[in-house]
Amino acid sequence: MSDPAVKTASIKNTAKKVFIKTYGCQMNVYDSERMNDVLVPLGYGATDRPEDADLIILNTCHIREKAAEKVYSDIGRLKIIKQKRHDAGQDSLIAVAGCVAQAEGQEIIRRARAVDMVFGPQTYHRLPDMLKKIADGSKSVIETEFPTEDKFDGLTSKAGPKRLSHGVAAFVTVQEGCDKFCAFCVVPFTRGAEFSRPVSQIEDEVHQLVKAGVREFTLLGQNVNAYHGADPLGNLVSLGALLDRLEKIDGVDRLRFTTSHPRDMDDALIETLAKNKAVMPYLHLPVQAGSDSVLKAMNRQHSAKEYIDLIAKVRRAIPHLALSGDFIVGFPGETDEDFEQTMALVREVTYAQAYSFKYSIRPGTKAGDIKDQVPEEIKSARLARLQELLLEQQLTFNEKSLNQEFDLLLERQGRQDGQLIGRSPYLQAVHIEAKDHKIGEIVRVHVDKVGPRSLSAHIIEQ
Ligand code: SAH
Ligand code: SF4
Ligand code: F3S
């Protein structure tokens with residue numbers, strides 16, 4: 001018979017449910033996991049059904065207009081769920097977090113009255129206080145202050161929440177915010193000034209994750225290669241040096257980092273990429289456009305040639321590197337000739353994988369009120385051509401993996417029985433039949449089949 005006292009305790013512990021929906025970038029994925037960590041000691045268990053949730057958090061993204069609008073249509077649907085639960089005698093709270101919350105603050109509650117809480121990316125460690133205010137009778141709570149330090153101090157202090165793991169590969173934010181002010185981008189406004197976490201905080205978090213079974217760590221930052229956190233002696237440590245320190249922690253098998261900016265790519269980081277065995281041969285280095293006049297208007301602070309030369313230098317050090325990037329087509333004033341220069345740059349550089357977007361006007365940014373907008377049909381046509389070229393290059397990169405052997409970290413279940421999916425060193429998704437192997441193992445595989453978006457392989461004995 002089960003011990004009734006223990007049973008009551010466990011029911012009490014997971015009596016409340018939280019549903020978190022994450023939009024946008026990996027940093028939001030990290031933030032959502034940490035919100036969960038903050039809520040566990042308050043007795044919240046996770047649910048993937050908003051209908052069952054006492055607390056619904058939308059962790060939002062403001063990077064493009066569509067991303068922000070989607071939040072409001074999701075709130076419309078959740079309002080109905082909230083009303084139904086209320087009619088059945090169950091209350092629920094709706095919270096808007098993340099970059100839309102930061103950018104729009106109060107306006108969200110004015111536009112969507114079903115929302116109870118609005119908090120930005122730098123304040124969610126205060127969730128216990130915010131929930132208490134609501135429990136004590138506040139109609140709504142809005143918290144959108146900076147700075148970033150407070151958040152990480154709150155999340156890492158001895159009294160702070162434990163870092164729970166959600167798999168065998170985890171994100172760890174090491175740098176946040178941005179001082180670059182690209183003319184199209186909201187990030188400096190939603191995430192604030194650039195800030196690097198101290199080395200010991202990051203090491204502590206990595207130790208906790210190793211204990212929880214994580215083997216691969218992706219260090220995150222809006223400009224991760226601008227990292228310059230202090231070590232315990234107060235000396236500033238670069239990203240390359242941080243990666244070298246983390247590699248020495250027992251249990252850290254693989255390291256990645258994203259996103260890097262071309263202006264902050266120093267020789268020490270290139271050397272770490274080339275020599276540190278745990279650092280995977282993958283670099284996400286966005287260029288956005290191939291025309292110098294567009295790059296200047298975007299305030300990217302480098303020319304196309306400087307980017308091309310930088311990639312050549314990185315490839316001399318790591319010839320098999322998988323390069324990834326981001327592109328924006330249809331920035332205000334972009335001509336056909338400018339766009340052809342983006343196509344030419346892609347043909348010259350060649351990417352293993354890349355993300356590309358149509359320019360989206362963001363209020364408050366430097367480009368937000370430029371009148372000379374590129375018509376929607378032209379943006380769509382340019383994006384289609386660019387994506388066709390990028391997908392071709394992705395297939396060509398994957399084809400080079402055919403019959404190659406490499407180590408694969410098994411990360412998750414595949415669709416078919418017995419199938420597991422892992423990531424290659426180059427971040428390709430690889431499917432294998434793995435009857436005698438488990439998630440979390442690193443296995444040696446031989447690639448049998450390649451497609452544009454994934455590979456198939458079989459395990460080989462070593
Ligand atoms: N810090 C990273 C990227 C941050 S945002 C960097 O500096 O590269 C991720 C990507 O979204 C950007 O690289 C850019 O390609 C895209 N993006 C940002 N603002 C945009 C906008 N207004 N319209 C379209 N795409 C945008
Ligand atoms: Fe945005 Fe530019 Fe900063 Fe990247 S570097 S986050 S694109 S402002
Ligand atoms: Fe979006 Fe904010 Fe990330 S705007 S891309 S969630 S930093």
# chains A, B, ... in the order shown; residues from 1 in each chain; ligands from 1

$ closest_atom_pairs --of "chain A" --to "ligand 1" --cutoff "6 Å" --atoms "only C-alpha atoms and all ligand atoms" --output "Markdown table"
| residue | atom | partner | partner_atom_place_in_ligand_line | distance |
| --- | --- | --- | --- | --- |
| A:Ile63 | CA | ligand 1 | 19 (N) | 5.2 |
| A:Arg64 | CA | ligand 1 | 21 (C) | 5.4 |
| A:Phe184 | CA | ligand 1 | 22 (N) | 4.5 |
| A:Cys185 | CA | ligand 1 | 19 (N) | 4.2 |
| A:Gln222 | CA | ligand 1 | 1 (N) | 4.1 |
| A:Asn223 | CA | ligand 1 | 1 (N) | 5.3 |
| A:Thr259 | CA | ligand 1 | 2 (C) | 5.5 |
| A:His261 | CA | ligand 1 | 7 (O) | 5.5 |
| A:Pro286 | CA | ligand 1 | 8 (O) | 4.9 |
| A:Gln288 | CA | ligand 1 | 15 (O) | 5.6 |
| A:Asp326 | CA | ligand 1 | 15 (O) | 4.5 |
| A:Phe327 | CA | ligand 1 | 15 (O) | 4.8 |
| A:Ile328 | CA | ligand 1 | 15 (O) | 5.2 |
| A:Phe357 | CA | ligand 1 | 25 (N) | 5.1 |
| A:Lys358 | CA | ligand 1 | 24 (C) | 5.3 |
| A:Tyr359 | CA | ligand 1 | 23 (N) | 3.8 |
| A:Ser360 | CA | ligand 1 | 23 (N) | 3.8 |
| A:Ile361 | CA | ligand 1 | 22 (N) | 5.4 |
| A:Arg362 | CA | ligand 1 | 22 (N) | 5.5 |

$ residues_around --residues "A:Gly333" --least-positions-apart "4" --cutoff "10 Å" --atoms "only C-alpha atoms" --output "MDAnalysis selection string"
chainID A and resid 293:294 297 338 370:374

$ write_last_selection --atoms "C-alpha atoms" --output "compact mmCIF listing (two decimals), in the first residue's frame"
# COMPACT_ATOMS: atom_id res chain seq x y z
CA SER A 293 24.99 50.08 -49.86
CA VAL A 294 22.31 47.89 -48.21
CA ALA A 297 21.89 51.36 -44.65
CA ASP A 338 21.51 45.00 -54.74
CA ILE A 370 11.70 54.91 -44.14
CA LYS A 371 9.17 55.66 -46.85
CA ASP A 372 10.92 53.87 -49.75
CA GLN A 373 9.52 50.36 -49.13
CA VAL A 374 10.04 47.47 -51.56

$ closest_atom_pairs --of "chain A" --to "ligand 2" --cutoff "10 Å" --atoms "only C-alpha atoms and all ligand atoms" --output "Markdown table"
| residue | atom | partner | partner_atom_place_in_ligand_line | distance |
| --- | --- | --- | --- | --- |
| A:Ile63 | CA | ligand 2 | 1 (Fe) | 8.8 |
| A:Glu176 | CA | ligand 2 | 6 (S) | 9.3 |
| A:Gly177 | CA | ligand 2 | 6 (S) | 7.2 |
| A:Cys178 | CA | ligand 2 | 3 (Fe) | 4.7 |
| A:Asp179 | CA | ligand 2 | 3 (Fe) | 6.4 |
| A:Lys180 | CA | ligand 2 | 3 (Fe) | 4.8 |
| A:Phe181 | CA | ligand 2 | 8 (S) | 4.1 |
| A:Cys182 | CA | ligand 2 | 8 (S) | 4.0 |
| A:Ala183 | CA | ligand 2 | 8 (S) | 7.1 |
| A:Phe184 | CA | ligand 2 | 8 (S) | 7.4 |
| A:Cys185 | CA | ligand 2 | 1 (Fe) | 4.6 |
| A:Val186 | CA | ligand 2 | 1 (Fe) | 6.4 |
| A:Val187 | CA | ligand 2 | 6 (S) | 5.0 |
| A:Pro188 | CA | ligand 2 | 8 (S) | 5.8 |
| A:Phe189 | CA | ligand 2 | 8 (S) | 8.9 |
| A:Thr190 | CA | ligand 2 | 6 (S) | 9.8 |
| A:Arg191 | CA | ligand 2 | 6 (S) | 8.8 |
| A:Ala193 | CA | ligand 2 | 3 (Fe) | 9.8 |
| A:Glu194 | CA | ligand 2 | 3 (Fe) | 9.1 |
| A:Gly221 | CA | ligand 2 | 6 (S) | 8.9 |
| A:Gln222 | CA | ligand 2 | 6 (S) | 5.1 |
| A:Asn223 | CA | ligand 2 | 5 (S) | 6.3 |
| A:Val224 | CA | ligand 2 | 4 (Fe) | 9.9 |
| A:Thr259 | CA | ligand 2 | 4 (Fe) | 8.1 |
| A:Ser260 | CA | ligand 2 | 4 (Fe) | 8.4 |
| A:His261 | CA | ligand 2 | 5 (S) | 6.3 |
| A:Pro262 | CA | ligand 2 | 5 (S) | 9.2 |
| A:Arg263 | CA | ligand 2 | 5 (S) | 9.2 |
| A:Pro286 | CA | ligand 2 | 7 (S) | 8.4 |
| A:Val287 | CA | ligand 2 | 7 (S) | 9.4 |
| A:Gln288 | CA | ligand 2 | 7 (S) | 8.4 |
| A:Met298 | CA | ligand 2 | 2 (Fe) | 8.5 |
| A:Asn299 | CA | ligand 2 | 2 (Fe) | 8.1 |
| A:Arg300 | CA | ligand 2 | 2 (Fe) | 6.8 |
| A:Gln301 | CA | ligand 2 | 5 (S) | 9.7 |
| A:Asp326 | CA | ligand 2 | 7 (S) | 9.2 |
| A:Thr365 | CA | ligand 2 | 8 (S) | 9.5 |

$ closest_atom_pairs --of "stretch 92-200 of chain A" --to "stretch 29-51 of chain A" --cutoff "12 Å" --atoms "only C-alpha atoms" --output "tab-separated table"
residue	atom	partner	partner_atom	distance
A:Ser92	CA	A:Glu51	CA	9.3
A:Leu93	CA	A:Pro50	CA	10.6
A:Ile94	CA	A:Pro50	CA	10.0
A:Ala95	CA	A:Met35	CA	11.7
A:Val96	CA	A:Ser32	CA	11.8
A:Ala97	CA	A:Ser32	CA	9.3
A:Gly98	CA	A:Asp31	CA	8.4
A:Cys99	CA	A:Asp31	CA	11.2
A:Phe119	CA	A:Met35	CA	11.4
A:Gly120	CA	A:Asp31	CA	10.5
A:Pro121	CA	A:Asp31	CA	7.4
A:Gln122	CA	A:Asp31	CA	9.4
A:Thr123	CA	A:Met35	CA	10.2
A:Tyr124	CA	A:Met35	CA	6.5
A:His125	CA	A:Val38	CA	6.6
A:Arg126	CA	A:Val38	CA	8.6
A:Leu127	CA	A:Val38	CA	7.3
A:Pro128	CA	A:Leu39	CA	7.5
A:Asp129	CA	A:Leu42	CA	11.0
A:Met130	CA	A:Leu39	CA	11.6
A:Leu131	CA	A:Leu42	CA	9.9
A:Lys132	CA	A:Leu42	CA	10.7
A:Lys151	CA	A:Arg34	CA	10.5
A:Phe152	CA	A:Arg34	CA	10.3
A:Gly154	CA	A:Val38	CA	9.8
A:Leu155	CA	A:Arg34	CA	7.9
A:Thr156	CA	A:Arg34	CA	10.5
A:Ala159	CA	A:Val38	CA	10.9
A:Gly160	CA	A:Val38	CA	7.8
A:Pro161	CA	A:Val38	CA	5.4
A:Lys162	CA	A:Asp37	CA	6.4
A:Arg163	CA	A:Asp37	CA	6.2
A:Leu164	CA	A:Asp37	CA	6.3
A:Ser165	CA	A:Glu33	CA	8.3
A:His166	CA	A:Glu33	CA	7.9
A:Gly167	CA	A:Glu33	CA	11.3
A:Ala169	CA	A:Tyr30	CA	11.7
A:Ala170	CA	A:Tyr30	CA	8.3
A:Phe171	CA	A:Tyr30	CA	5.9
A:Val172	CA	A:Tyr30	CA	6.9
A:Thr173	CA	A:Tyr30	CA	7.1
A:Val174	CA	A:Tyr30	CA	10.9
A:Glu176	CA	A:Asp31	CA	11.4

$ write_last_selection --atoms "N, CA and C atoms" --output "compact mmCIF listing (two decimals), in the first residue's frame"
# COMPACT_ATOMS: atom_id res chain seq x y z
N SER A 92 -8.14 30.88 -14.17
CA SER A 92 -6.81 30.77 -14.79
C SER A 92 -6.29 32.17 -15.07
N LEU A 93 -4.95 32.25 -15.14
CA LEU A 93 -4.31 33.54 -15.41
C LEU A 93 -3.64 33.47 -16.77
N ILE A 94 -3.70 34.58 -17.50
CA ILE A 94 -2.97 34.64 -18.78
C ILE A 94 -1.85 35.67 -18.62
N ALA A 95 -0.63 35.24 -18.94
CA ALA A 95 0.53 36.13 -18.86
C ALA A 95 1.16 36.27 -20.24
N VAL A 96 1.52 37.50 -20.60
CA VAL A 96 2.29 37.71 -21.83
C VAL A 96 3.71 38.09 -21.41
N ALA A 97 4.67 37.27 -21.82
CA ALA A 97 6.07 37.49 -21.46
C ALA A 97 6.87 37.74 -22.75
N GLY A 98 8.17 37.94 -22.61
CA GLY A 98 9.04 38.01 -23.77
C GLY A 98 9.07 39.37 -24.44
N CYS A 99 9.43 39.37 -25.73
CA CYS A 99 9.78 40.62 -26.41
C CYS A 99 8.58 41.47 -26.78
N PHE A 119 5.14 40.67 -18.51
CA PHE A 119 6.51 40.86 -18.01
C PHE A 119 7.54 40.58 -19.09
N GLY A 120 8.60 41.38 -19.06
CA GLY A 120 9.61 41.32 -20.12
C GLY A 120 10.64 40.23 -19.89
N PRO A 121 11.59 40.10 -20.84
CA PRO A 121 12.60 39.03 -20.75
C PRO A 121 13.54 39.17 -19.56
N GLN A 122 13.57 40.35 -18.94
CA GLN A 122 14.54 40.53 -17.84
C GLN A 122 13.89 40.50 -16.46
N THR A 123 12.60 40.16 -16.36
CA THR A 123 11.94 40.25 -15.05
C THR A 123 11.27 38.94 -14.60
N TYR A 124 11.36 37.89 -15.41
CA TYR A 124 10.55 36.70 -15.07
C TYR A 124 11.01 35.98 -13.81
N HIS A 125 12.26 36.27 -13.35
CA HIS A 125 12.69 35.65 -12.09
C HIS A 125 11.83 36.14 -10.93
N ARG A 126 11.07 37.25 -11.18
CA ARG A 126 10.21 37.78 -10.11
C ARG A 126 8.79 37.21 -10.17
N LEU A 127 8.60 36.18 -10.94
CA LEU A 127 7.27 35.56 -11.07
C LEU A 127 6.60 35.25 -9.72
N PRO A 128 7.34 34.72 -8.72
CA PRO A 128 6.66 34.45 -7.44
C PRO A 128 6.00 35.71 -6.86
N ASP A 129 6.73 36.86 -6.91
CA ASP A 129 6.15 38.11 -6.39
C ASP A 129 4.95 38.54 -7.21
N MET A 130 5.08 38.40 -8.52
CA MET A 130 3.98 38.83 -9.40
C MET A 130 2.72 38.01 -9.12
N LEU A 131 2.90 36.70 -8.96
CA LEU A 131 1.74 35.83 -8.69
C LEU A 131 1.12 36.18 -7.34
N LYS A 132 2.01 36.56 -6.39
CA LYS A 132 1.49 36.91 -5.08
C LYS A 132 0.64 38.18 -5.15
N LYS A 151 18.26 39.59 -13.32
CA LYS A 151 17.64 38.32 -13.68
C LYS A 151 18.60 37.17 -13.40
N PHE A 152 19.81 37.28 -13.93
CA PHE A 152 20.73 36.15 -13.76
C PHE A 152 21.14 35.97 -12.31
N GLY A 154 19.20 36.55 -9.78
CA GLY A 154 18.02 35.90 -9.19
C GLY A 154 17.92 34.44 -9.58
N LEU A 155 18.34 34.13 -10.81
CA LEU A 155 18.21 32.75 -11.29
C LEU A 155 19.33 31.85 -10.81
N THR A 156 20.46 32.46 -10.42
CA THR A 156 21.63 31.64 -10.09
C THR A 156 21.97 31.63 -8.61
N ALA A 159 19.57 30.81 -3.25
CA ALA A 159 18.14 30.71 -2.95
C ALA A 159 17.32 30.57 -4.24
N GLY A 160 17.98 30.74 -5.38
CA GLY A 160 17.26 30.73 -6.67
C GLY A 160 16.81 29.34 -7.06
N PRO A 161 16.09 29.24 -8.18
CA PRO A 161 15.57 27.95 -8.59
C PRO A 161 16.66 27.04 -9.12
N LYS A 162 16.47 25.73 -8.98
CA LYS A 162 17.42 24.76 -9.55
C LYS A 162 17.26 24.75 -11.06
N ARG A 163 18.36 24.54 -11.78
CA ARG A 163 18.28 24.45 -13.23
C ARG A 163 17.89 23.03 -13.58
N LEU A 164 16.67 22.86 -14.04
CA LEU A 164 16.22 21.51 -14.40
C LEU A 164 16.55 21.27 -15.87
N SER A 165 16.68 20.01 -16.22
CA SER A 165 17.02 19.74 -17.62
C SER A 165 15.80 19.21 -18.36
N HIS A 166 15.79 19.44 -19.65
CA HIS A 166 14.66 18.99 -20.46
C HIS A 166 15.15 18.10 -21.59
N GLY A 167 16.29 17.44 -21.41
CA GLY A 167 16.79 16.58 -22.46
C GLY A 167 18.29 16.38 -22.32
N ALA A 169 20.46 17.73 -24.63
CA ALA A 169 21.11 18.91 -25.19
C ALA A 169 20.40 20.13 -24.61
N ALA A 170 21.17 21.10 -24.13
CA ALA A 170 20.52 22.25 -23.47
C ALA A 170 21.13 23.56 -23.93
N PHE A 171 20.31 24.60 -23.85
CA PHE A 171 20.79 25.96 -24.11
C PHE A 171 21.22 26.60 -22.79
N VAL A 172 22.29 27.39 -22.87
CA VAL A 172 22.70 28.18 -21.70
C VAL A 172 22.98 29.60 -22.19
N THR A 173 22.17 30.55 -21.74
CA THR A 173 22.40 31.94 -22.14
C THR A 173 23.64 32.45 -21.43
N VAL A 174 24.62 32.95 -22.20
CA VAL A 174 25.85 33.47 -21.60
C VAL A 174 25.97 34.98 -21.80
N GLU A 176 23.55 38.49 -23.24
CA GLU A 176 22.22 38.90 -23.66
C GLU A 176 22.22 40.37 -24.01

$ closest_residue --among "A:Asp91, A:Glu377, A:Glu216, A:Asp292" --to "A:Ala304" --atoms "only C-alpha atoms"
A:Asp292

$ select_by_dssp --residues "stretch 255-455 of chain A" --states "helix (DSSP H, G or I)" --output "ChimeraX atom specification"
/A:262-264,267-275,292-297,304-317,336-349,366-369,376-399

$ atom_distance --atom1 "atom CA of A:Ala344" --atom2 "atom CA of A:Leu323"
16.4 Å

$ residues_around --residues "A:Gln393" --least-positions-apart "5" --cutoff "12 Å" --atoms "only C-alpha atoms" --output "PyMOL selection string"
chain A and resi 322-324+346-354+386-388+398-400+451-453

$ write_last_selection --atoms "C-alpha atoms" --output "compact mmCIF listing (two decimals), in the first residue's frame"
# COMPACT_ATOMS: atom_id res chain seq x y z
CA ALA A 322 29.25 23.93 -41.66
CA LEU A 323 28.38 27.58 -42.19
CA SER A 324 24.94 28.99 -41.49
CA VAL A 346 25.64 33.24 -51.44
CA ARG A 347 27.06 31.56 -54.56
CA GLU A 348 30.59 32.57 -53.57
CA VAL A 349 30.38 31.75 -49.84
CA THR A 350 28.12 28.62 -49.96
CA TYR A 351 26.09 27.71 -46.88
CA ALA A 352 25.32 24.39 -45.20
CA GLN A 353 22.05 25.84 -43.98
CA ALA A 354 20.51 29.32 -43.61
CA LEU A 386 17.15 33.08 -52.53
CA GLN A 387 15.54 30.17 -50.70
CA GLU A 388 15.79 27.95 -53.77
CA ASN A 398 24.39 17.08 -47.07
CA GLU A 399 25.47 15.07 -50.12
CA LYS A 400 29.06 15.43 -48.97
CA GLY A 451 18.09 14.54 -48.31
CA PRO A 452 17.94 18.33 -48.20
CA ARG A 453 16.64 18.40 -44.61

$ closest_residue --among "A:Gly192, A:Asp136, A:Tyr72, A:Ile81" --to "ligand 3" --atoms "only C-alpha atoms and all ligand atoms"
A:Gly192

$ residues_around --residues "A:Leu408" --least-positions-apart "4" --cutoff "8 Å" --atoms "only C-alpha atoms" --output "PDB file with N, CA and C atoms, in the first residue's frame"
ATOM      1  N   GLY A 422      19.180  12.033 -33.993  1.00  0.00           N
ATOM      2  CA  GLY A 422      20.285  12.735 -33.339  1.00  0.00           C
ATOM      3  C   GLY A 422      20.769  13.867 -34.218  1.00  0.00           C
ATOM      4  N   ARG A 423      21.758  14.593 -33.715  1.00  0.00           N
ATOM      5  CA  ARG A 423      22.361  15.679 -34.498  1.00  0.00           C
ATOM      6  C   ARG A 423      23.798  15.319 -34.811  1.00  0.00           C
ATOM      7  N   SER A 424      24.171  15.525 -36.074  1.00  0.00           N
ATOM      8  CA  SER A 424      25.566  15.309 -36.448  1.00  0.00           C
ATOM      9  C   SER A 424      26.397  16.476 -35.899  1.00  0.00           C
ATOM     10  N   PRO A 425      27.727  16.394 -35.966  1.00  0.00           N
ATOM     11  CA  PRO A 425      28.543  17.541 -35.546  1.00  0.00           C
ATOM     12  C   PRO A 425      28.149  18.809 -36.312  1.00  0.00           C
ATOM     13  N   VAL A 430      19.784  13.460 -38.025  1.00  0.00           N
ATOM     14  CA  VAL A 430      20.129  12.143 -38.562  1.00  0.00           C
ATOM     15  C   VAL A 430      19.210  11.081 -37.941  1.00  0.00           C
ATOM     16  N   ILE A 442      26.155   8.645 -27.240  1.00  0.00           N
ATOM     17  CA  ILE A 442      26.828   9.122 -28.446  1.00  0.00           C
ATOM     18  C   ILE A 442      27.313   7.878 -29.187  1.00  0.00           C
ATOM     19  N   VAL A 443      26.834   7.706 -30.420  1.00  0.00           N
ATOM     20  CA  VAL A 443      27.170   6.489 -31.173  1.00  0.00           C
ATOM     21  C   VAL A 443      27.901   6.870 -32.458  1.00  0.00           C
ATOM     22  N   ARG A 444      28.702   5.929 -32.949  1.00  0.00           N
ATOM     23  CA  ARG A 444      29.407   6.145 -34.219  1.00  0.00           C
ATOM     24  C   ARG A 444      28.481   5.665 -35.340  1.00  0.00           C
ATOM     25  N   VAL A 445      28.269   6.499 -36.349  1.00  0.00           N
ATOM     26  CA  VAL A 445      27.353   6.090 -37.428  1.00  0.00           C
ATOM     27  C   VAL A 445      27.995   6.250 -38.796  1.00  0.00           C
TER      28      VAL A 445
END

$ closest_residue --among "A:Val100, A:Leu295, A:Ile432, A:Ile56" --to "ligand 3" --atoms "only C-alpha atoms and all ligand atoms"
A:Val100

$ atom_distance --atom1 "atom CA of A:Ser291" --atom2 "atom CA of A:Gln341"
5.4 Å

$ select_by_dssp --residues "stretch 255-316 of chain A" --states "strand (DSSP E or B)" --output "list in words"
Leu255, Arg256, Phe257, Thr258, Val279, Tyr282, Leu283, His284 and Gln288 of chain A

$ residues_around --residues "A:Glu247" --least-positions-apart "3" --cutoff "12 Å" --atoms "only C-alpha atoms" --output "tab-separated table (two decimals) with N, CA and C atoms, in the first residue's frame"
chain	number	residue	atom	x	y	z
A	203	GLU	N	29.50	28.35	-15.26
A	203	GLU	CA	30.05	27.03	-14.88
A	203	GLU	C	29.10	26.31	-13.92
A	206	VAL	N	26.24	24.90	-15.87
A	206	VAL	CA	26.65	23.75	-16.67
A	206	VAL	C	26.82	22.51	-15.77
A	207	HIS	N	27.42	22.70	-14.59
A	207	HIS	CA	27.57	21.59	-13.64
A	207	HIS	C	26.20	21.00	-13.30
A	210	VAL	N	24.95	18.99	-16.25
A	210	VAL	CA	25.68	17.72	-16.41
A	210	VAL	C	25.08	16.68	-15.47
A	215	ARG	N	24.50	16.41	-22.23
A	215	ARG	CA	25.83	16.16	-22.78
A	215	ARG	C	26.27	17.22	-23.79
A	216	GLU	N	25.28	17.92	-24.37
A	216	GLU	CA	25.62	18.96	-25.35
A	216	GLU	C	25.06	20.31	-24.89
A	217	PHE	N	25.91	21.34	-24.99
A	217	PHE	CA	25.55	22.67	-24.47
A	217	PHE	C	25.68	23.68	-25.60
A	240	GLY	N	36.01	32.33	-26.82
A	240	GLY	CA	36.91	31.20	-27.07
A	240	GLY	C	37.43	30.63	-25.75
A	241	ALA	N	37.86	31.54	-24.86
A	241	ALA	CA	38.41	31.10	-23.56
A	241	ALA	C	37.31	30.45	-22.71
A	242	LEU	N	36.09	30.97	-22.79
A	242	LEU	CA	34.98	30.37	-22.02
A	242	LEU	C	34.72	28.94	-22.52
A	243	LEU	N	34.70	28.76	-23.84
A	243	LEU	CA	34.48	27.42	-24.39
A	243	LEU	C	35.59	26.47	-23.92
A	244	ASP	N	36.83	26.98	-23.93
A	244	ASP	CA	37.95	26.13	-23.49
A	244	ASP	C	37.82	25.74	-22.02
A	250	ASP	N	34.04	17.77	-16.53
A	250	ASP	CA	33.74	16.37	-16.78
A	250	ASP	C	32.27	16.22	-17.15
A	251	GLY	N	32.00	15.54	-18.27
A	251	GLY	CA	30.60	15.36	-18.68
A	251	GLY	C	30.17	16.31	-19.79
A	252	VAL	N	30.98	17.33	-20.06
A	252	VAL	CA	30.65	18.23	-21.19
A	252	VAL	C	31.25	17.60	-22.45
A	253	ASP	N	30.40	16.98	-23.27
A	253	ASP	CA	30.90	16.28	-24.45
A	253	ASP	C	30.91	17.13	-25.70
A	254	ARG	N	29.90	18.00	-25.80
A	254	ARG	CA	29.80	18.81	-27.01
A	254	ARG	C	29.42	20.24	-26.67
A	255	LEU	N	30.01	21.17	-27.41
A	255	LEU	CA	29.72	22.60	-27.21
A	255	LEU	C	29.39	23.25	-28.55
A	256	ARG	N	28.39	24.13	-28.51
A	256	ARG	CA	28.07	24.96	-29.67
A	256	ARG	C	27.82	26.37	-29.17
A	272	THR	N	39.83	28.28	-31.25
A	272	THR	CA	39.06	27.34	-30.41
A	272	THR	C	38.19	26.44	-31.28
A	273	LEU	N	37.55	27.05	-32.30
A	273	LEU	CA	36.72	26.26	-33.22
A	273	LEU	C	37.56	25.17	-33.90
A	275	LYS	N	40.56	23.88	-32.77
A	275	LYS	CA	41.35	22.96	-31.94
A	275	LYS	C	40.60	22.27	-30.83
A	276	ASN	N	39.54	22.91	-30.32
A	276	ASN	CA	38.85	22.33	-29.16
A	276	ASN	C	37.93	21.20	-29.66
A	277	LYS	N	38.24	19.97	-29.22
A	277	LYS	CA	37.54	18.79	-29.75
A	277	LYS	C	36.05	18.77	-29.40
A	278	ALA	N	35.68	19.43	-28.28
A	278	ALA	CA	34.26	19.41	-27.90
A	278	ALA	C	33.44	20.44	-28.68
A	279	VAL	N	34.12	21.44	-29.25
A	279	VAL	CA	33.39	22.49	-29.98
A	279	VAL	C	33.08	21.98	-31.39
A	280	MET	N	31.80	21.94	-31.71
A	280	MET	CA	31.37	21.36	-32.97
A	280	MET	C	31.68	22.29	-34.15

$ atom_distance --atom1 "atom CA of A:Val214" --atom2 "atom CA of A:Ile202"
14.4 Å
